[in-house]
$ cat work_16.cif   # mmCIF, C-alpha atoms and all ligand atoms
data_final
loop_
_atom_site.label_atom_id
_atom_site.label_comp_id
_atom_site.auth_asym_id
_atom_site.auth_seq_id
_atom_site.Cartn_x
_atom_site.Cartn_y
_atom_site.Cartn_z
CA MET A 1 15.93 2.57 -6.60
CA ILE A 2 14.35 1.69 -3.26
CA ILE A 3 15.89 -0.94 -1.02
CA PHE A 4 13.47 -2.76 1.28
CA ASP A 5 14.87 -4.79 4.17
CA ILE A 6 12.28 -7.01 5.80
CA LEU A 7 12.79 -8.55 9.23
CA SER A 8 10.60 -11.55 9.84
CA VAL A 9 10.48 -14.90 11.60
CA PHE A 10 8.86 -16.36 8.47
CA PRO A 11 10.86 -14.90 5.55
CA GLU A 12 9.77 -17.81 3.35
CA MET A 13 6.29 -16.24 3.22
CA PHE A 14 7.63 -13.65 0.77
CA GLN A 15 8.92 -16.04 -1.86
CA SER A 16 5.82 -16.28 -4.02
CA PRO A 17 4.72 -12.61 -3.98
CA LEU A 18 8.26 -11.42 -4.68
CA GLY A 19 8.78 -14.03 -7.38
CA SER A 20 5.80 -13.12 -9.55
CA SER A 21 4.30 -10.42 -11.69
CA LEU A 22 5.45 -6.79 -11.73
CA ILE A 23 7.28 -7.01 -8.40
CA LYS A 24 9.56 -9.71 -9.81
CA LYS A 25 10.08 -7.66 -12.97
CA SER A 26 10.97 -4.54 -11.00
CA ILE A 27 13.48 -6.53 -8.93
CA ASP A 28 14.96 -7.95 -12.16
CA LYS A 29 15.12 -4.45 -13.67
CA GLY A 30 16.89 -3.11 -10.57
CA LEU A 31 14.10 -0.65 -9.69
CA ILE A 32 13.71 -2.13 -6.23
CA GLU A 33 15.70 -4.50 -4.07
CA VAL A 34 14.08 -6.62 -1.38
CA ASN A 35 16.31 -8.23 1.23
CA LEU A 36 14.75 -10.75 3.57
CA HIS A 37 16.25 -11.19 7.02
CA ASP A 38 15.36 -14.05 9.34
CA ILE A 39 15.13 -12.59 12.85
CA ARG A 40 16.13 -16.01 14.20
CA ASP A 41 19.60 -15.50 12.68
CA TYR A 42 20.14 -12.78 15.29
CA THR A 43 19.28 -14.89 18.33
CA ARG A 44 22.05 -16.17 20.57
CA ASP A 45 20.51 -19.22 22.21
CA ARG A 46 20.49 -22.79 21.02
CA HIS A 47 16.75 -22.75 20.34
CA ARG A 48 16.87 -19.50 18.32
CA THR A 49 14.18 -18.00 20.54
CA THR A 50 12.42 -14.88 19.29
CA ASP A 51 9.52 -14.71 21.77
CA ASP A 52 8.92 -15.00 25.49
CA THR A 53 6.06 -14.89 28.01
CA PRO A 54 4.71 -11.44 28.92
CA TYR A 55 5.74 -9.75 32.15
CA GLY A 56 2.70 -9.39 34.36
CA GLY A 57 1.16 -12.60 33.02
CA GLY A 58 -1.61 -13.02 30.52
CA GLY A 59 -1.92 -15.08 27.37
CA GLY A 60 0.24 -15.16 24.28
CA MET A 61 3.91 -14.58 23.65
CA VAL A 62 5.79 -11.35 23.06
CA MET A 63 8.49 -10.79 20.45
CA LYS A 64 11.81 -10.17 22.19
CA ILE A 65 13.85 -7.02 21.69
CA GLU A 66 17.40 -8.49 21.47
CA PRO A 67 17.10 -10.34 18.13
CA VAL A 68 15.26 -7.39 16.51
CA ALA A 69 17.80 -4.87 17.84
CA GLY A 70 20.67 -7.14 16.75
CA ALA A 71 19.20 -7.48 13.27
CA LEU A 72 18.75 -3.73 12.91
CA LYS A 73 22.31 -3.06 14.05
CA ALA A 74 23.68 -5.52 11.49
CA ILE A 75 21.47 -4.40 8.62
CA VAL A 76 21.70 -0.66 9.15
CA PRO A 77 25.11 0.09 10.67
CA ALA A 78 25.47 3.42 12.54
CA GLY A 79 25.63 6.29 10.07
CA ASP A 80 23.55 4.55 7.36
CA GLU A 81 20.22 6.18 6.51
CA ALA A 82 17.04 4.12 6.56
CA LEU A 83 13.45 4.56 7.59
CA VAL A 84 12.49 1.87 10.10
CA ILE A 85 8.84 0.85 10.09
CA LEU A 86 7.03 -1.43 12.49
CA LEU A 87 3.93 -3.07 11.03
CA SER A 88 1.27 -2.83 13.70
CA PRO A 89 -2.54 -2.72 13.84
CA GLN A 90 -2.07 0.24 16.19
CA GLY A 91 -0.08 2.33 13.68
CA GLU A 92 -1.17 5.11 11.32
CA THR A 93 -3.43 3.74 8.60
CA PHE A 94 -1.61 3.08 5.33
CA LYS A 95 -3.04 5.22 2.54
CA GLN A 96 -2.00 6.09 -1.01
CA LYS A 97 -0.54 9.30 0.43
CA THR A 98 1.64 7.21 2.77
CA ALA A 99 2.83 5.15 -0.20
CA GLU A 100 3.73 8.39 -2.02
CA GLU A 101 5.70 9.65 0.98
CA LEU A 102 7.55 6.35 1.37
CA SER A 103 8.42 6.24 -2.35
CA HIS A 104 10.84 9.15 -1.71
CA TYR A 105 13.01 7.08 0.63
CA SER A 106 15.93 5.11 -0.75
CA ARG A 107 15.95 2.55 2.05
CA ILE A 108 13.05 1.21 4.10
CA VAL A 109 13.37 -1.39 6.84
CA MET A 110 10.21 -3.17 7.95
CA ILE A 111 9.78 -5.20 11.12
CA CYS A 112 7.06 -7.85 10.97
CA GLY A 113 5.60 -8.57 14.38
CA HIS A 114 4.07 -11.88 15.46
CA TYR A 115 2.40 -13.51 18.44
CA GLU A 116 0.71 -11.03 20.84
CA GLY A 117 2.91 -8.29 19.43
CA VAL A 118 6.37 -6.91 20.09
CA ASP A 119 8.15 -5.75 23.24
CA GLU A 120 7.13 -2.13 23.71
CA ARG A 121 10.78 -1.01 23.77
CA ILE A 122 11.08 -1.97 20.07
CA ARG A 123 8.24 0.41 19.25
CA LYS A 124 9.52 3.15 21.55
CA HIS A 125 13.23 3.18 20.71
CA LEU A 126 13.96 1.37 17.46
CA VAL A 127 11.36 2.49 14.94
CA ASP A 128 10.59 5.72 13.11
CA ARG A 129 7.07 4.95 12.06
CA GLU A 130 4.30 2.44 12.80
CA ILE A 131 2.00 1.45 9.97
CA SER A 132 -1.30 -0.41 10.02
CA ILE A 133 -2.92 -1.67 6.84
CA GLY A 134 -6.41 -1.43 8.33
CA ASP A 135 -8.62 -1.90 11.34
CA TYR A 136 -8.33 -5.66 11.69
CA VAL A 137 -5.77 -7.93 13.33
CA LEU A 138 -3.67 -10.34 11.30
CA SER A 139 -1.46 -13.06 12.70
CA GLY A 140 1.74 -11.42 11.51
CA GLY A 141 3.26 -8.40 9.80
CA GLU A 142 4.34 -10.26 6.64
CA LEU A 143 1.23 -9.60 4.53
CA PRO A 144 1.15 -5.93 5.62
CA ALA A 145 4.85 -5.58 4.70
CA MET A 146 4.16 -7.09 1.29
CA ILE A 147 1.32 -4.63 0.76
CA VAL A 148 3.63 -1.74 1.57
CA VAL A 149 6.31 -3.08 -0.82
CA ASP A 150 3.71 -3.42 -3.60
CA ALA A 151 2.03 -0.04 -3.18
CA VAL A 152 5.32 1.85 -2.84
CA SER A 153 7.06 0.02 -5.70
CA ARG A 154 4.23 0.87 -8.12
CA LEU A 155 5.24 4.51 -7.71
CA VAL A 156 8.87 3.95 -8.72
CA PRO A 157 9.28 5.27 -12.29
CA GLY A 158 9.47 2.34 -14.70
CA PHE A 159 7.46 -0.07 -12.51
CA VAL A 160 4.33 0.05 -14.66
CA GLY A 161 4.63 0.13 -18.44
CA ASN A 162 2.66 3.37 -18.76
CA SER A 163 3.68 5.55 -15.81
CA GLU A 164 0.85 7.97 -16.66
CA SER A 165 -1.72 5.36 -15.60
CA VAL A 166 -0.47 5.53 -12.00
CA LEU A 167 -1.27 9.25 -11.91
CA TYR A 168 -4.96 8.54 -12.44
CA ASP A 169 -5.27 5.61 -10.06
CA SER A 170 -7.90 5.80 -7.38
CA PHE A 171 -6.76 8.02 -4.47
CA SER A 172 -3.81 9.54 -6.42
CA THR A 173 -6.02 12.34 -7.68
CA GLY A 174 -8.07 12.53 -4.48
CA LEU A 175 -10.92 10.74 -6.31
CA LEU A 176 -11.80 7.16 -7.19
CA GLU A 177 -10.94 6.24 -10.75
CA GLY A 178 -13.82 5.82 -13.21
CA PRO A 179 -14.74 2.63 -15.11
CA HIS A 180 -12.55 0.90 -17.72
CA TYR A 181 -13.62 -1.06 -20.80
CA THR A 182 -11.77 -3.19 -23.33
CA ARG A 183 -12.66 -5.38 -26.34
CA PRO A 184 -15.18 -6.69 -27.29
CA ARG A 185 -17.22 -3.63 -28.13
CA GLU A 186 -20.42 -5.57 -27.45
CA TYR A 187 -20.86 -8.49 -25.09
CA GLY A 188 -24.42 -9.65 -25.71
CA SER A 189 -26.46 -6.52 -25.08
CA TRP A 190 -23.78 -4.94 -22.88
CA GLU A 191 -22.10 -2.17 -24.79
CA VAL A 192 -19.09 0.06 -24.33
CA PRO A 193 -20.06 3.74 -23.84
CA GLU A 194 -20.10 5.41 -27.27
CA VAL A 195 -17.86 8.30 -26.22
CA LEU A 196 -14.91 5.95 -25.62
CA LEU A 197 -15.08 4.84 -29.24
CA SER A 198 -15.39 8.38 -30.61
CA GLY A 199 -11.66 9.14 -30.89
CA HIS A 200 -12.46 12.64 -29.55
CA GLN A 201 -9.87 12.92 -26.75
CA LYS A 202 -11.29 16.03 -25.07
CA LYS A 203 -14.74 14.44 -24.81
CA ILE A 204 -13.20 11.20 -23.51
CA ASP A 205 -11.26 13.11 -20.83
CA GLU A 206 -14.41 15.01 -19.80
CA TRP A 207 -16.37 11.75 -19.59
CA ARG A 208 -13.65 10.11 -17.51
CA ARG A 209 -13.54 13.02 -15.08
CA ARG A 210 -17.33 12.99 -14.77
CA GLU A 211 -17.39 9.24 -14.12
CA SER A 212 -14.61 9.58 -11.58
CA LEU A 213 -16.63 12.27 -9.77
CA ARG A 214 -19.78 10.16 -10.00
CA ARG A 215 -18.08 7.09 -8.58
CA THR A 216 -16.51 9.03 -5.73
CA LEU A 217 -19.86 10.64 -4.94
CA GLN A 218 -21.55 7.24 -4.93
CA ARG A 219 -18.96 5.25 -3.01
CA ARG A 220 -16.70 7.61 -1.08
CA PRO A 221 -18.40 11.00 -0.69
CA ASP A 222 -16.08 11.65 2.28
CA MET A 223 -13.16 11.97 -0.18
CA LEU A 224 -14.79 14.93 -1.93
CA ARG A 225 -14.18 17.12 1.12
CA GLN A 226 -10.40 16.85 0.64
CA ALA A 227 -10.28 16.61 -3.17
CA ASP A 228 -8.80 19.37 -5.29
CA LEU A 229 -11.92 20.29 -7.30
CA THR A 230 -12.22 22.81 -10.13
CA GLU A 231 -15.28 25.02 -10.58
CA GLU A 232 -16.31 22.71 -13.43
CA ASP A 233 -15.99 19.64 -11.12
CA LYS A 234 -18.24 21.36 -8.57
CA ARG A 235 -20.79 22.14 -11.29
CA VAL A 236 -20.74 18.51 -12.47
CA LEU A 237 -21.20 17.27 -8.91
CA GLU A 238 -24.23 19.51 -8.42
CA GLU A 239 -25.65 18.20 -11.70
CA LEU A 240 -25.04 14.60 -10.65
CA LYS A 241 -26.62 15.14 -7.24
CA ALA A 242 -29.67 16.77 -8.80
CA GLY A 243 -30.30 14.29 -11.58
CA ASP A 244 -28.78 10.89 -10.93
CA PRO A 245 -31.21 8.37 -9.36
CA GLU A 246 -28.26 6.04 -8.62
CA LEU A 247 -26.99 8.56 -6.12
CA VAL A 248 -30.13 8.68 -4.05
N1 LIG B 301 -2.04 -7.93 20.20
C1 LIG B 301 -1.81 -6.98 19.16
C2 LIG B 301 -2.81 -5.84 19.30
O1 LIG B 301 -3.92 -6.07 19.78
O2 LIG B 301 -2.51 -4.71 18.86
C3 LIG B 301 -1.92 -7.63 17.80
C4 LIG B 301 -0.76 -8.48 17.46
S1 LIG B 301 -0.90 -9.28 15.89
C5 LIG B 301 -1.67 -10.80 16.33
C6 LIG B 301 0.72 -9.77 15.50
C7 LIG B 301 1.47 -8.89 14.54
O3 LIG B 301 0.81 -8.87 13.27
C8 LIG B 301 1.62 -7.44 14.92
O4 LIG B 301 2.69 -7.24 15.82
C9 LIG B 301 1.86 -6.77 13.57
O5 LIG B 301 3.20 -6.83 13.17
C10 LIG B 301 1.04 -7.63 12.64
N2 LIG B 301 -0.28 -7.05 12.29
C11 LIG B 301 -1.49 -7.53 12.63
N3 LIG B 301 -2.49 -6.79 12.14
C12 LIG B 301 -1.90 -5.77 11.46
C13 LIG B 301 -2.41 -4.65 10.74
N4 LIG B 301 -3.71 -4.42 10.63
N5 LIG B 301 -1.52 -3.83 10.15
C14 LIG B 301 -0.19 -4.04 10.27
N6 LIG B 301 0.35 -5.08 10.95
C15 LIG B 301 -0.49 -5.93 11.55
#
$ encode --input "work_16.cif" --output "structure tokens" --more "lines below"
Ligand code: SAM
Amino acid sequence: MIIFDILSVFPEMFQSPLGSSLIKKSIDKGLIEVNLHDIRDYTRDRHRTTDDTPYGGGGGMVMKIEPVAGALKAIVPAGDEALVILLSPQGETFKQKTAEELSHYSRIVMICGHYEGVDERIRKHLVDREISIGDYVLSGGELPAMIVVDAVSRLVPGFVGNSESVLYDSFSTGLLEGPHYTRPREYGSWEVPEVLLSGHQKKIDEWRRRESLRRTLQRRPDMLRQADLTEEDKRVLEELKAGDPELV
């Protein structure tokens, strides 16, 4: 089980994503636990202030350290183990590999920033890791935190019905996953590739690997440099490069 503790000034933003689909099921099954903490509950002033003007002037407001530090102290008392993450556009980019690493933790605390960002002392002294979900700036860390919860939870055994399917997901193998088809067999003149209907598992597996290589070559050739490729994969790639007009 993984316990996620999320610190936010807008905890209500999580209600719908946590209350639907596989995330809800995995909470109900006890595979993950998600605790939402309102940072305002750890303020000490009448107005429950979580932000203030920046020292040195300039626009925007900065998230204050005291409520965040107070929340962390209450949620993870001294001696308890937890990985503390700050969601930040300046952090390491979140990848499938990051999700795999995080899935080995039993407790993950995430701090959702807002406004112009957070007081630098939060980043420097209170967090273990900073994670960005991509090179763009969002208004708050809530959507990024939800993305981390989703991607990490999918890797908890029992989250998806067929845990084997997660092994072949894009990025898990170092390649993009190939195409999928389901009924009907024909939709107008659009047909399902014959091999998938053949019942010949070895041929189906070979086709899937080839299509996965083709798709990676077409869309993310950069991934092939890091991928764990067999001699047969390399031969297929050479064949694809030599003969496939789609790749030109
Ligand atoms: N002024 C900051 C900067 O330029 O780096 C951006 C602050 S942003 C408006 C407010 C908060 O949203 C951040 O503190 C962070 O928690 C969250 N956030 C925004 N974009 C993000 C991203 N790409 N990944 C993770 N968190 C992000």
$ closest_residue --input "work_16.cif" --among "A:Pro184, A:Gly19, A:Gly140, A:Pro11" --to "Met63 in chain A" --atoms "all atoms listed in the file"
A:Gly140
$ residues_near_ligand --input "work_16.cif" --ligand "ligand LIG 301 (chain B)" --cutoff "9 Å" --atoms "all atoms listed in the file" --output "PDB file with C-alpha atoms, in the frame of the given file"
ATOM      1  CA  GLY A  60       0.240 -15.160  24.280  1.00  0.00           C
ATOM      2  CA  VAL A  62       5.790 -11.350  23.060  1.00  0.00           C
ATOM      3  CA  MET A  63       8.490 -10.790  20.450  1.00  0.00           C
ATOM      4  CA  LEU A  86       7.030  -1.430  12.490  1.00  0.00           C
ATOM      5  CA  LEU A  87       3.930  -3.070  11.030  1.00  0.00           C
ATOM      6  CA  SER A  88       1.270  -2.830  13.700  1.00  0.00           C
ATOM      7  CA  PRO A  89      -2.540  -2.720  13.840  1.00  0.00           C
ATOM      8  CA  GLN A  90      -2.070   0.240  16.190  1.00  0.00           C
ATOM      9  CA  GLY A  91      -0.080   2.330  13.680  1.00  0.00           C
ATOM     10  CA  THR A  93      -3.430   3.740   8.600  1.00  0.00           C
ATOM     11  CA  PHE A  94      -1.610   3.080   5.330  1.00  0.00           C
ATOM     12  CA  ILE A 111       9.780  -5.200  11.120  1.00  0.00           C
ATOM     13  CA  CYS A 112       7.060  -7.850  10.970  1.00  0.00           C
ATOM     14  CA  GLY A 113       5.600  -8.570  14.380  1.00  0.00           C
ATOM     15  CA  HIS A 114       4.070 -11.880  15.460  1.00  0.00           C
ATOM     16  CA  TYR A 115       2.400 -13.510  18.440  1.00  0.00           C
ATOM     17  CA  GLU A 116       0.710 -11.030  20.840  1.00  0.00           C
ATOM     18  CA  GLY A 117       2.910  -8.290  19.430  1.00  0.00           C
ATOM     19  CA  VAL A 118       6.370  -6.910  20.090  1.00  0.00           C
ATOM     20  CA  GLU A 130       4.300   2.440  12.800  1.00  0.00           C
ATOM     21  CA  ILE A 131       2.000   1.450   9.970  1.00  0.00           C
ATOM     22  CA  SER A 132      -1.300  -0.410  10.020  1.00  0.00           C
ATOM     23  CA  ILE A 133      -2.920  -1.670   6.840  1.00  0.00           C
ATOM     24  CA  GLY A 134      -6.410  -1.430   8.330  1.00  0.00           C
ATOM     25  CA  ASP A 135      -8.620  -1.900  11.340  1.00  0.00           C
ATOM     26  CA  TYR A 136      -8.330  -5.660  11.690  1.00  0.00           C
ATOM     27  CA  VAL A 137      -5.770  -7.930  13.330  1.00  0.00           C
ATOM     28  CA  LEU A 138      -3.670 -10.340  11.300  1.00  0.00           C
ATOM     29  CA  SER A 139      -1.460 -13.060  12.700  1.00  0.00           C
ATOM     30  CA  GLY A 140       1.740 -11.420  11.510  1.00  0.00           C
ATOM     31  CA  GLY A 141       3.260  -8.400   9.800  1.00  0.00           C
ATOM     32  CA  GLU A 142       4.340 -10.260   6.640  1.00  0.00           C
ATOM     33  CA  LEU A 143       1.230  -9.600   4.530  1.00  0.00           C
ATOM     34  CA  PRO A 144       1.150  -5.930   5.620  1.00  0.00           C
ATOM     35  CA  ALA A 145       4.850  -5.580   4.700  1.00  0.00           C
TER      36      ALA A 145
END
$ closest_residue --input "work_16.cif" --among "A:Glu100, A:Asp52, A:Val9, A:Ser21" --to "Val68 in chain A" --atoms "only C-alpha atoms"
A:Val9
$ atom_distance --input "work_16.cif" --atom1 "CA of Glu81 in chain A" --atom2 "CA of Arg107 in chain A"
7.2 Å
$ closest_atom_pairs --input "work_16.cif" --of "range 102-170 of chain A" --to "range 32-48 of chain A" --cutoff "9 Å" --atoms "only C-alpha atoms" --output "JSON lines"
{"residue": "A:Val149", "atom": "CA", "partner": "A:Val34", "partner_atom": "CA", "distance": 8.6}
{"residue": "A:Ser153", "atom": "CA", "partner": "A:Ile32", "partner_atom": "CA", "distance": 7.0}
{"residue": "A:Val156", "atom": "CA", "partner": "A:Ile32", "partner_atom": "CA", "distance": 8.2}
$ write_last_selection --input "work_16.cif" --atoms "C-alpha atoms" --output "short mmCIF file (atom, residue, chain, number, x, y, z; two decimals), keeping the file's coordinate frame"
data_model
loop_
_atom_site.label_atom_id
_atom_site.label_comp_id
_atom_site.auth_asym_id
_atom_site.auth_seq_id
_atom_site.Cartn_x
_atom_site.Cartn_y
_atom_site.Cartn_z
CA VAL A 149 6.31 -3.08 -0.82
CA SER A 153 7.06 0.02 -5.70
CA VAL A 156 8.87 3.95 -8.72
#
$ closest_residue --input "work_16.cif" --among "A:Ile2, A:Trp190, A:Glu12, A:Phe171" --to "Val109 in chain A" --atoms "only C-alpha atoms"
A:Ile2
$ atom_distance --input "work_16.cif" --atom1 "CA of Arg154 in chain A" --atom2 "CA of Arg225 in chain A"
26.2 Å
$ build_atoms --input "work_16.cif" --residues "range 91-107 of chain A" --atoms "N, CA, C and O atoms" --output "CSV table (one decimal), in the coordinates of the input"
chain,number,residue,atom,x,y,z
A,91,GLY,N,-0.8,1.2,14.3
A,91,GLY,CA,-0.1,2.3,13.7
A,91,GLY,C,-1.0,3.2,12.9
A,91,GLY,O,-2.2,3.1,12.8
A,92,GLU,N,-0.4,4.2,12.2
A,92,GLU,CA,-1.2,5.1,11.3
A,92,GLU,C,-1.7,4.3,10.1
A,92,GLU,O,-1.0,3.3,9.7
A,93,THR,N,-2.9,4.6,9.7
A,93,THR,CA,-3.4,3.7,8.6
A,93,THR,C,-2.7,4.0,7.3
A,93,THR,O,-2.5,5.2,6.9
A,94,PHE,N,-2.3,3.0,6.6
A,94,PHE,CA,-1.6,3.1,5.3
A,94,PHE,C,-2.6,3.5,4.2
A,94,PHE,O,-3.6,2.9,4.0
A,95,LYS,N,-2.2,4.7,3.6
A,95,LYS,CA,-3.0,5.2,2.5
A,95,LYS,C,-2.2,5.4,1.3
A,95,LYS,O,-0.9,5.4,1.4
A,96,GLN,N,-2.8,5.8,0.2
A,96,GLN,CA,-2.0,6.1,-1.0
A,96,GLN,C,-1.0,7.2,-0.7
A,96,GLN,O,0.1,7.2,-1.2
A,97,LYS,N,-1.4,8.2,0.1
A,97,LYS,CA,-0.5,9.3,0.4
A,97,LYS,C,0.7,8.8,1.2
A,97,LYS,O,1.8,9.3,1.0
A,98,THR,N,0.5,7.8,2.0
A,98,THR,CA,1.6,7.2,2.8
A,98,THR,C,2.6,6.6,1.8
A,98,THR,O,3.8,6.7,1.9
A,99,ALA,N,2.0,5.8,0.8
A,99,ALA,CA,2.8,5.2,-0.2
A,99,ALA,C,3.6,6.2,-1.0
A,99,ALA,O,4.8,6.0,-1.2
A,100,GLU,N,3.0,7.3,-1.3
A,100,GLU,CA,3.7,8.4,-2.0
A,100,GLU,C,4.9,8.9,-1.2
A,100,GLU,O,6.0,9.1,-1.7
A,101,GLU,N,4.6,9.2,0.1
A,101,GLU,CA,5.7,9.6,1.0
A,101,GLU,C,6.8,8.6,1.0
A,101,GLU,O,8.0,9.0,0.9
A,102,LEU,N,6.5,7.4,1.2
A,102,LEU,CA,7.6,6.4,1.4
A,102,LEU,C,8.4,6.2,0.1
A,102,LEU,O,9.5,5.8,0.1
A,103,SER,N,7.7,6.5,-1.1
A,103,SER,CA,8.4,6.2,-2.4
A,103,SER,C,9.6,7.2,-2.5
A,103,SER,O,10.4,7.0,-3.4
A,104,HIS,N,9.7,8.2,-1.6
A,104,HIS,CA,10.8,9.2,-1.7
A,104,HIS,C,12.0,8.7,-0.9
A,104,HIS,O,13.1,9.3,-0.9
A,105,TYR,N,11.9,7.6,-0.1
A,105,TYR,CA,13.0,7.1,0.6
A,105,TYR,C,13.8,6.1,-0.2
A,105,TYR,O,13.3,5.4,-1.1
A,106,SER,N,15.1,6.1,0.0
A,106,SER,CA,15.9,5.1,-0.8
A,106,SER,C,16.1,3.8,0.0
A,106,SER,O,16.4,2.8,-0.6
A,107,ARG,N,15.8,3.8,1.3
A,107,ARG,CA,16.0,2.6,2.0
A,107,ARG,C,14.9,2.5,3.1
A,107,ARG,O,14.7,3.4,3.9
